[in-house]
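Take a look at the structure below.
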Amino acid sequence: MERRAFLRWSTMAAAGCAIGAARRGSAAETRRPNVVFILADDQGYTDLSCYGSRYYESPHIDRLAAQGMRFTSGYTCGPNCQPTRAALMTGLYGPRTGVYTVGGIDRFDWQSRPLRPVDNVNRLPLDKVTLAQALRRAGYATAMFGKWHLGEDAEHHPSARGFDEAVVSMGKHFGFVTNPKLAHPKDEYLADFLTDKAEDFVRRSKDKPFFLYLPHFAVHAPLEAKREWIDHFRAKPPAGGHRNPTYAGMIASVDESVGRVTRLLDELHLSENTLVVYASDNGGVGGYEREGIGGGDTTDNAPLRGGKGMLYEGGIRVPYILRWPGHIKPGTVCDEPINSVDLYPTVLEVTGAKRPEKAPLDGTSYVDLLTGAAAAKPRKPLFWHFPGYLGAGLNSWRTTPAGAVRSGDWKLHEFFEDGRIELYNLRDDLSERKNLAAAQPAKAKELHDTLQAWRAEIQAPMPTRNPDIRPPSRPKRGAAGDE
């Protein structure tokens, strides 16, 4: 798919995302806006019709995009689940929370590599003020239903981190278990169960400002979908590397959830005063075959390179859609880069909630992009720090310890094992195939200096040398869908 065709929806003016003056109706001024944040798990950049898929079907999410703004450079803070979720809930990059990946460092065979990874934090530190805590202090009703993945013991459970109501579930789509334990029909689909909880919360909270966080476990492995959806997509011909009917059915169930929630907002006359955000936690499980590594392709992120677990675009660039009637002009597209850490300050600005005292926020609000402010703030560079390993089979790696920075159209990768640098111009080379580090040494040095200065400022720990490199052992786990 050519990049020109892929971005054919873009209507940006030269100055950026100038979308005209926002309409502000009287209904939107009656109280502070509600916020609904729906997060898919492992959904790739092209896994929606409105992002180019000709196989997957997402009419309700497409409608959300048509009614709001679709970002073409929406990024996650990590190439897999946990670091992104920590960043979304705190507005902080990984070095400030210690959350870089999923599980401990011994999950993969780092002993066969030159570096010892930085130890990973598996539960969100209790001294971090979550977005839910900030909103609850501002008088919001708060609820979370789905995959938390930041600690489920009593102290770290979302019900102890700012959510008035919280039901956690992940791991299975049928026969799932919840925390706290709730009864449900054994043949019920998890996405439907979570949406039921979300709808009930919205109905009960309709007369006060609320924050709903709906992080689905779909479309994460194991690949399990409702039979009617599998049958539907089995009858369709593959298109553009998208061919798995079960995975397509999982996307359809998430789309159904979005449709149910947005339809309810319409029915309750809440849509005009509700910011709805839809995104994914990392790139899709695909793109590995082209890179010559294991992991198994479930989907295809082309034209992006790589997939989940990699700092190439396929691992960190995801769908990002926002709707806020009267503030966001319908059907707009924005190419400005935004990141997981930006959600927190954006929601604080929308709601008027106070920033945490004596606590930094690494993100930058993008309300000016949403509303078409005449003088949109210059966007700061985006950073990634991944000081560990993600395996993909025996002696096969989705990533080794690495960092990256995007500034404007330019993106630089630094690989910590050997100091290798890769430089790409994403406007000209969305697929990151032409390494310009040698041809553009001044630009490479500029971005490398920027990345190093950021690491020093944020006190990002680096992996250390491994003095006792051992022969590779058979991996305990390693499939790309394991996180």
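Residues are named by chain letter and number: chains run A, B, ... in the order of the structure tokens, numbers start at 1 in each chain, and ligands are numbered from 1 in the order shown.
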Report as JSON lines: every residue of range 346-448 of chain A with an atom at most 10 Å from range 455-470 of chain A, its closest pair of atoms, and their distance in Å to one decimal, counting only C-alpha atoms, with rows sorted by chain and ascending residue number.
```
{"residue": "A:Asp362", "atom": "CA", "partner": "A:Ile458", "partner_atom": "CA", "distance": 9.6}
{"residue": "A:Phe383", "atom": "CA", "partner": "A:Arg455", "partner_atom": "CA", "distance": 9.1}
{"residue": "A:Trp384", "atom": "CA", "partner": "A:Arg455", "partner_atom": "CA", "distance": 9.7}
{"residue": "A:His385", "atom": "CA", "partner": "A:Ala460", "partner_atom": "CA", "distance": 7.8}
{"residue": "A:Phe386", "atom": "CA", "partner": "A:Met462", "partner_atom": "CA", "distance": 9.1}
{"residue": "A:Pro387", "atom": "CA", "partner": "A:Pro463", "partner_atom": "CA", "distance": 5.8}
{"residue": "A:Gly388", "atom": "CA", "partner": "A:Pro463", "partner_atom": "CA", "distance": 7.3}
{"residue": "A:Pro401", "atom": "CA", "partner": "A:Pro463", "partner_atom": "CA", "distance": 7.5}
{"residue": "A:Ala402", "atom": "CA", "partner": "A:Met462", "partner_atom": "CA", "distance": 9.6}
{"residue": "A:Gly403", "atom": "CA", "partner": "A:Arg455", "partner_atom": "CA", "distance": 9.5}
{"residue": "A:Phe416", "atom": "CA", "partner": "A:Pro463", "partner_atom": "CA", "distance": 8.0}
{"residue": "A:Glu417", "atom": "CA", "partner": "A:Arg465", "partner_atom": "CA", "distance": 8.8}
```
- Message: I want to know what sits within 12 Å of range 208-212 of chain A, based on only C-alpha atoms, with residues of the same chain fewer than 4 positions away left out; could you give that as number ranges by chain?
- Response: A: 28, 30-39, 131-146, 162-166, 194-195, 197-204, 261, 265, 270, 273-278, 347-348, 350-353
Convert the current residue selection to file output with C-alpha atoms, as a CSV table (one decimal), in the first residue's frame.
```csv
chain,number,residue,atom,x,y,z
A,28,ALA,CA,-21.5,21.2,26.9
A,30,THR,CA,-23.7,22.5,32.0
A,31,ARG,CA,-21.0,20.5,33.8
A,32,ARG,CA,-17.5,19.3,33.4
A,33,PRO,CA,-17.0,16.8,30.5
A,34,ASN,CA,-17.1,13.1,31.0
A,35,VAL,CA,-14.2,11.0,29.7
A,36,VAL,CA,-14.5,7.5,28.2
A,37,PHE,CA,-11.2,5.8,27.3
A,38,ILE,CA,-11.5,2.5,25.4
A,39,LEU,CA,-8.2,0.6,25.0
A,131,LEU,CA,-5.2,9.6,36.3
A,132,ALA,CA,-8.2,8.1,38.1
A,133,GLN,CA,-7.0,9.5,41.5
A,134,ALA,CA,-6.6,12.9,40.0
A,135,LEU,CA,-10.1,12.8,38.5
A,136,ARG,CA,-11.7,11.4,41.7
A,137,ARG,CA,-10.2,14.2,43.7
A,138,ALA,CA,-11.8,16.6,41.2
A,139,GLY,CA,-15.2,15.0,41.9
A,140,TYR,CA,-15.5,12.5,39.1
A,141,ALA,CA,-17.1,9.1,39.5
A,142,THR,CA,-14.5,6.6,38.2
A,143,ALA,CA,-14.7,3.0,36.9
A,144,MET,CA,-12.4,0.5,35.2
A,145,PHE,CA,-13.4,-2.8,33.7
A,146,GLY,CA,-10.9,-5.0,31.9
A,162,GLY,CA,-8.5,5.8,42.2
A,163,PHE,CA,-11.3,3.8,40.7
A,164,ASP,CA,-14.6,3.8,42.6
A,165,GLU,CA,-15.5,0.6,40.8
A,166,ALA,CA,-13.1,-1.9,39.2
A,194,LEU,CA,-16.9,-5.8,30.2
A,195,THR,CA,-19.2,-3.7,28.0
A,197,LYS,CA,-20.4,-3.4,33.2
A,198,ALA,CA,-19.4,-0.2,31.4
A,199,GLU,CA,-23.0,0.5,30.3
A,200,ASP,CA,-24.3,-0.1,33.8
A,201,PHE,CA,-21.8,2.4,35.2
A,202,VAL,CA,-22.7,5.0,32.6
A,203,ARG,CA,-26.4,4.7,33.4
A,204,ARG,CA,-25.8,5.1,37.1
A,261,VAL,CA,-21.0,2.5,24.6
A,265,LEU,CA,-24.1,8.1,25.3
A,270,LEU,CA,-24.3,12.7,27.0
A,273,ASN,CA,-20.4,16.6,26.8
A,274,THR,CA,-18.2,13.5,26.6
A,275,LEU,CA,-14.6,13.1,25.3
A,276,VAL,CA,-14.3,9.6,23.9
A,277,VAL,CA,-10.8,8.2,23.3
A,278,TYR,CA,-10.0,5.0,21.4
A,347,VAL,CA,-7.6,14.8,30.3
A,348,LEU,CA,-6.6,17.2,33.1
A,350,VAL,CA,-10.3,18.9,29.4
A,351,THR,CA,-11.7,18.3,32.9
A,352,GLY,CA,-10.1,21.1,34.8
A,353,ALA,CA,-8.6,18.6,37.3
```
(message) Which residue is closest to Pro330 in chain A? Choose from A:Leu370, A:Ala437, A:Trp410, A:His157 and count only C-alpha atoms.
(response)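 Of A:Leu370, A:Ala437, A:Trp410, A:His157, the one nearest Pro330 in chain A, counting only C-alpha atoms, is A:Leu370.
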Can you tell me which residues surround Thr332 in chain A at a distance of at most 7 Å, considering only C-alpha atoms, apart from same-chain residues fewer than 3 positions away, and format the answer as a list of chain:residue names?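 Contacts, in chain order: A:Thr11, A:Gly68, A:Met69, A:Arg70, A:Lys329.
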Generate the output file for the selected residues, C-alpha atoms, as a short mmCIF file (atom, residue, chain, number, x, y, z; two decimals), in the first residue's frame.
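New file part28.cif:
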```cif
data_model
loop_
_atom_site.label_atom_id
_atom_site.label_comp_id
_atom_site.auth_asym_id
_atom_site.auth_seq_id
_atom_site.Cartn_x
_atom_site.Cartn_y
_atom_site.Cartn_z
CA THR A 11 -6.83 17.26 5.30
CA GLY A 68 -14.01 13.23 15.55
CA MET A 69 -10.27 13.20 14.89
CA ARG A 70 -8.06 10.36 13.72
CA LYS A 329 -14.41 19.13 14.09
#
```
Would you give me, as JSON, numbers by chain, the residues in range 178-383 of chain A that DSSP reads as alpha helix (DSSP H)?
{"A": [190, 191, 192, 193, 194, 195, 196, 197, 198, 199, 200, 201, 202, 203, 204, 205, 227, 228, 229, 230, 231, 232, 233, 234, 245, 246, 247, 248, 249, 250, 251, 252, 253, 254, 255, 256, 257, 258, 259, 260, 261, 262, 263, 264, 265, 266, 267, 288, 289, 290, 291, 313, 314, 315, 316, 343, 344, 345, 346, 347, 348, 349, 350, 351, 367, 368, 369, 370, 371]}
Exercise for review: Would you please work out which residue, of A:Asp153, A:Glu272, A:Asp47, A:Glu289, is nearest to Tyr320 in chain A when using only C-alpha atoms?
Suggested key: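 Using only C-alpha atoms, the shortest distance to Tyr320 in chain A belongs to A:Asp47.
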Could you build a table of the residues in range 172-250 of chain A lying no more than 12 Å from range 293-304 of chain A, giving for each the nearest pair of atoms and their separation in Å rounded to one decimal place, using only C-alpha atoms, ordered by chain and ascending residue number, as JSON lines?
```
{"residue": "A:Val219", "atom": "CA", "partner": "A:Thr298", "partner_atom": "CA", "distance": 10.4}
{"residue": "A:His220", "atom": "CA", "partner": "A:Thr298", "partner_atom": "CA", "distance": 10.2}
{"residue": "A:Ala221", "atom": "CA", "partner": "A:Thr298", "partner_atom": "CA", "distance": 9.4}
{"residue": "A:Pro222", "atom": "CA", "partner": "A:Thr298", "partner_atom": "CA", "distance": 10.9}
{"residue": "A:Leu223", "atom": "CA", "partner": "A:Thr298", "partner_atom": "CA", "distance": 9.1}
{"residue": "A:Pro238", "atom": "CA", "partner": "A:Thr299", "partner_atom": "CA", "distance": 11.0}
{"residue": "A:Ala239", "atom": "CA", "partner": "A:Asp300", "partner_atom": "CA", "distance": 10.2}
{"residue": "A:Gly240", "atom": "CA", "partner": "A:Asp300", "partner_atom": "CA", "distance": 7.7}
{"residue": "A:Gly241", "atom": "CA", "partner": "A:Asp300", "partner_atom": "CA", "distance": 5.3}
{"residue": "A:His242", "atom": "CA", "partner": "A:Thr299", "partner_atom": "CA", "distance": 5.6}
{"residue": "A:Arg243", "atom": "CA", "partner": "A:Thr299", "partner_atom": "CA", "distance": 7.4}
{"residue": "A:Asn244", "atom": "CA", "partner": "A:Thr298", "partner_atom": "CA", "distance": 7.0}
{"residue": "A:Pro245", "atom": "CA", "partner": "A:Thr298", "partner_atom": "CA", "distance": 10.3}
{"residue": "A:Thr246", "atom": "CA", "partner": "A:Thr298", "partner_atom": "CA", "distance": 9.8}
{"residue": "A:Tyr247", "atom": "CA", "partner": "A:Thr298", "partner_atom": "CA", "distance": 7.4}
{"residue": "A:Ala248", "atom": "CA", "partner": "A:Thr299", "partner_atom": "CA", "distance": 9.3}
{"residue": "A:Met250", "atom": "CA", "partner": "A:Thr298", "partner_atom": "CA", "distance": 11.9}
```
Since we have the selection now, will you write its residues out, keeping N, CA and C atoms, as an mmCIF file, in the first residue's frame?
```cif
data_model
loop_
_atom_site.group_PDB
_atom_site.id
_atom_site.type_symbol
_atom_site.label_atom_id
_atom_site.label_comp_id
_atom_site.auth_asym_id
_atom_site.auth_seq_id
_atom_site.Cartn_x
_atom_site.Cartn_y
_atom_site.Cartn_z
ATOM 1 N N VAL A 219 -7.620 -7.516 21.428
ATOM 2 C CA VAL A 219 -7.592 -8.692 20.591
ATOM 3 C C VAL A 219 -6.391 -9.585 20.908
ATOM 4 N N HIS A 220 -5.992 -9.592 22.162
ATOM 5 C CA HIS A 220 -4.835 -10.344 22.634
ATOM 6 C C HIS A 220 -5.086 -11.849 22.540
ATOM 7 N N ALA A 221 -3.989 -12.608 22.295
ATOM 8 C CA ALA A 221 -4.067 -14.066 22.340
ATOM 9 C C ALA A 221 -4.491 -14.517 23.741
ATOM 10 N N PRO A 222 -5.181 -15.658 23.866
ATOM 11 C CA PRO A 222 -5.456 -16.651 22.829
ATOM 12 C C PRO A 222 -6.521 -16.168 21.844
ATOM 13 N N LEU A 223 -6.353 -16.587 20.595
ATOM 14 C CA LEU A 223 -7.304 -16.174 19.568
ATOM 15 C C LEU A 223 -8.608 -16.923 19.767
ATOM 16 N N PRO A 238 -8.901 -12.973 1.926
ATOM 17 C CA PRO A 238 -7.875 -12.172 2.600
ATOM 18 C C PRO A 238 -7.558 -10.915 1.792
ATOM 19 N N ALA A 239 -7.033 -9.910 2.497
ATOM 20 C CA ALA A 239 -6.684 -8.659 1.820
ATOM 21 C C ALA A 239 -5.532 -7.990 2.541
ATOM 22 N N GLY A 240 -4.466 -7.702 1.807
ATOM 23 C CA GLY A 240 -3.356 -6.938 2.356
ATOM 24 C C GLY A 240 -2.692 -7.548 3.566
ATOM 25 N N GLY A 241 -2.574 -8.860 3.621
ATOM 26 C CA GLY A 241 -1.946 -9.506 4.770
ATOM 27 C C GLY A 241 -2.888 -9.751 5.931
ATOM 28 N N HIS A 242 -4.127 -9.323 5.830
ATOM 29 C CA HIS A 242 -5.143 -9.565 6.853
ATOM 30 C C HIS A 242 -5.971 -10.763 6.399
ATOM 31 N N ARG A 243 -5.957 -11.833 7.194
ATOM 32 C CA ARG A 243 -6.551 -13.073 6.687
ATOM 33 C C ARG A 243 -7.108 -13.996 7.762
ATOM 34 N N ASN A 244 -6.932 -13.674 9.030
ATOM 35 C CA ASN A 244 -7.323 -14.589 10.101
ATOM 36 C C ASN A 244 -8.762 -14.308 10.538
ATOM 37 N N PRO A 245 -9.713 -15.220 10.273
ATOM 38 C CA PRO A 245 -11.120 -14.944 10.594
ATOM 39 C C PRO A 245 -11.392 -14.850 12.091
ATOM 40 N N THR A 246 -10.641 -15.598 12.894
ATOM 41 C CA THR A 246 -10.850 -15.513 14.339
ATOM 42 C C THR A 246 -10.390 -14.163 14.871
ATOM 43 N N TYR A 247 -9.224 -13.727 14.438
ATOM 44 C CA TYR A 247 -8.715 -12.422 14.850
ATOM 45 C C TYR A 247 -9.663 -11.312 14.369
ATOM 46 N N ALA A 248 -10.150 -11.442 13.149
ATOM 47 C CA ALA A 248 -11.104 -10.465 12.627
ATOM 48 C C ALA A 248 -12.372 -10.431 13.477
ATOM 49 N N MET A 250 -12.506 -11.062 16.657
ATOM 50 C CA MET A 250 -12.180 -10.382 17.911
ATOM 51 C C MET A 250 -12.239 -8.868 17.723
#
```
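Across the model, the gap from CA of Tyr75 in chain A to CA of Arg317 in chain A is 4.5 Å.
Closest approach to Tyr213 in chain A among A:Ile251, A:Pro158, A:Pro356, A:Asp428: A:Pro158, based on only C-alpha atoms.
Note that CA of Leu390 in chain A and CA of Ser473 in chain A are 14.5 Å apart.
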Requested in this report: Return as a list in words the full set of residues in range 111-142 of chain A whose backbone-based DSSP assignment is strand (DSSP E).
Outcome: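 Going through range 111-142 of chain A, the strand (DSSP E) residues come out as Leu115, Arg116, Ala141 and Thr142 of chain A.
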Write the residues of the selection above to a file with C-alpha atoms, as a short mmCIF file (atom, residue, chain, number, x, y, z; two decimals), in the first residue's frame.
```
data_model
loop_
_atom_site.label_atom_id
_atom_site.label_comp_id
_atom_site.auth_asym_id
_atom_site.auth_seq_id
_atom_site.Cartn_x
_atom_site.Cartn_y
_atom_site.Cartn_z
CA LEU A 115 23.94 -7.25 28.40
CA ARG A 116 22.12 -7.77 31.68
CA ALA A 141 -17.07 9.07 39.46
CA THR A 142 -14.46 6.61 38.20
#
```
field: Test item: residues at most 9 Å from Asn282 in chain A, only C-alpha atoms, excluding those fewer than 5 positions along its chain, as a list in words
entry: Ala40, Asp41, Asp42, Gln43, Gly44, Tyr45, Tyr75, Thr76, Cys77, Gly78, Pro79, Asn80, Cys81, Thr84, Gly307, Lys308, Gly309, Gly314, Gly315, Ile316, Arg317 and Val318 of chain A
Q.
Could you tell me how far CA of Pro180 in chain A sits from CA of Val167 in chain A, in Å to one decimal place?
A.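 If I compute the distance from CA of Val167 in chain A to CA of Pro180 in chain A, I get 6.2 Å.
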Practice problem: For Arg379 in chain A, work out the shell of residues within 8 Å, counting only C-alpha atoms and skipping chain neighbours fewer than 2 positions away, then give it as a ChimeraX atom specification. | Solution: /A:336-337,364,377,381
Show me, as JSON, numbers by chain, the residues that have an atom within 10 Å of Pro83 in chain A when counting only C-alpha atoms, minus same-chain residues fewer than 4 positions from it.
{"A": [76, 77, 78, 79, 87, 88, 92, 93, 94, 95, 97, 98, 99, 100, 101, 102, 120, 121, 122, 124, 149, 150, 281, 282, 340, 385, 386]}
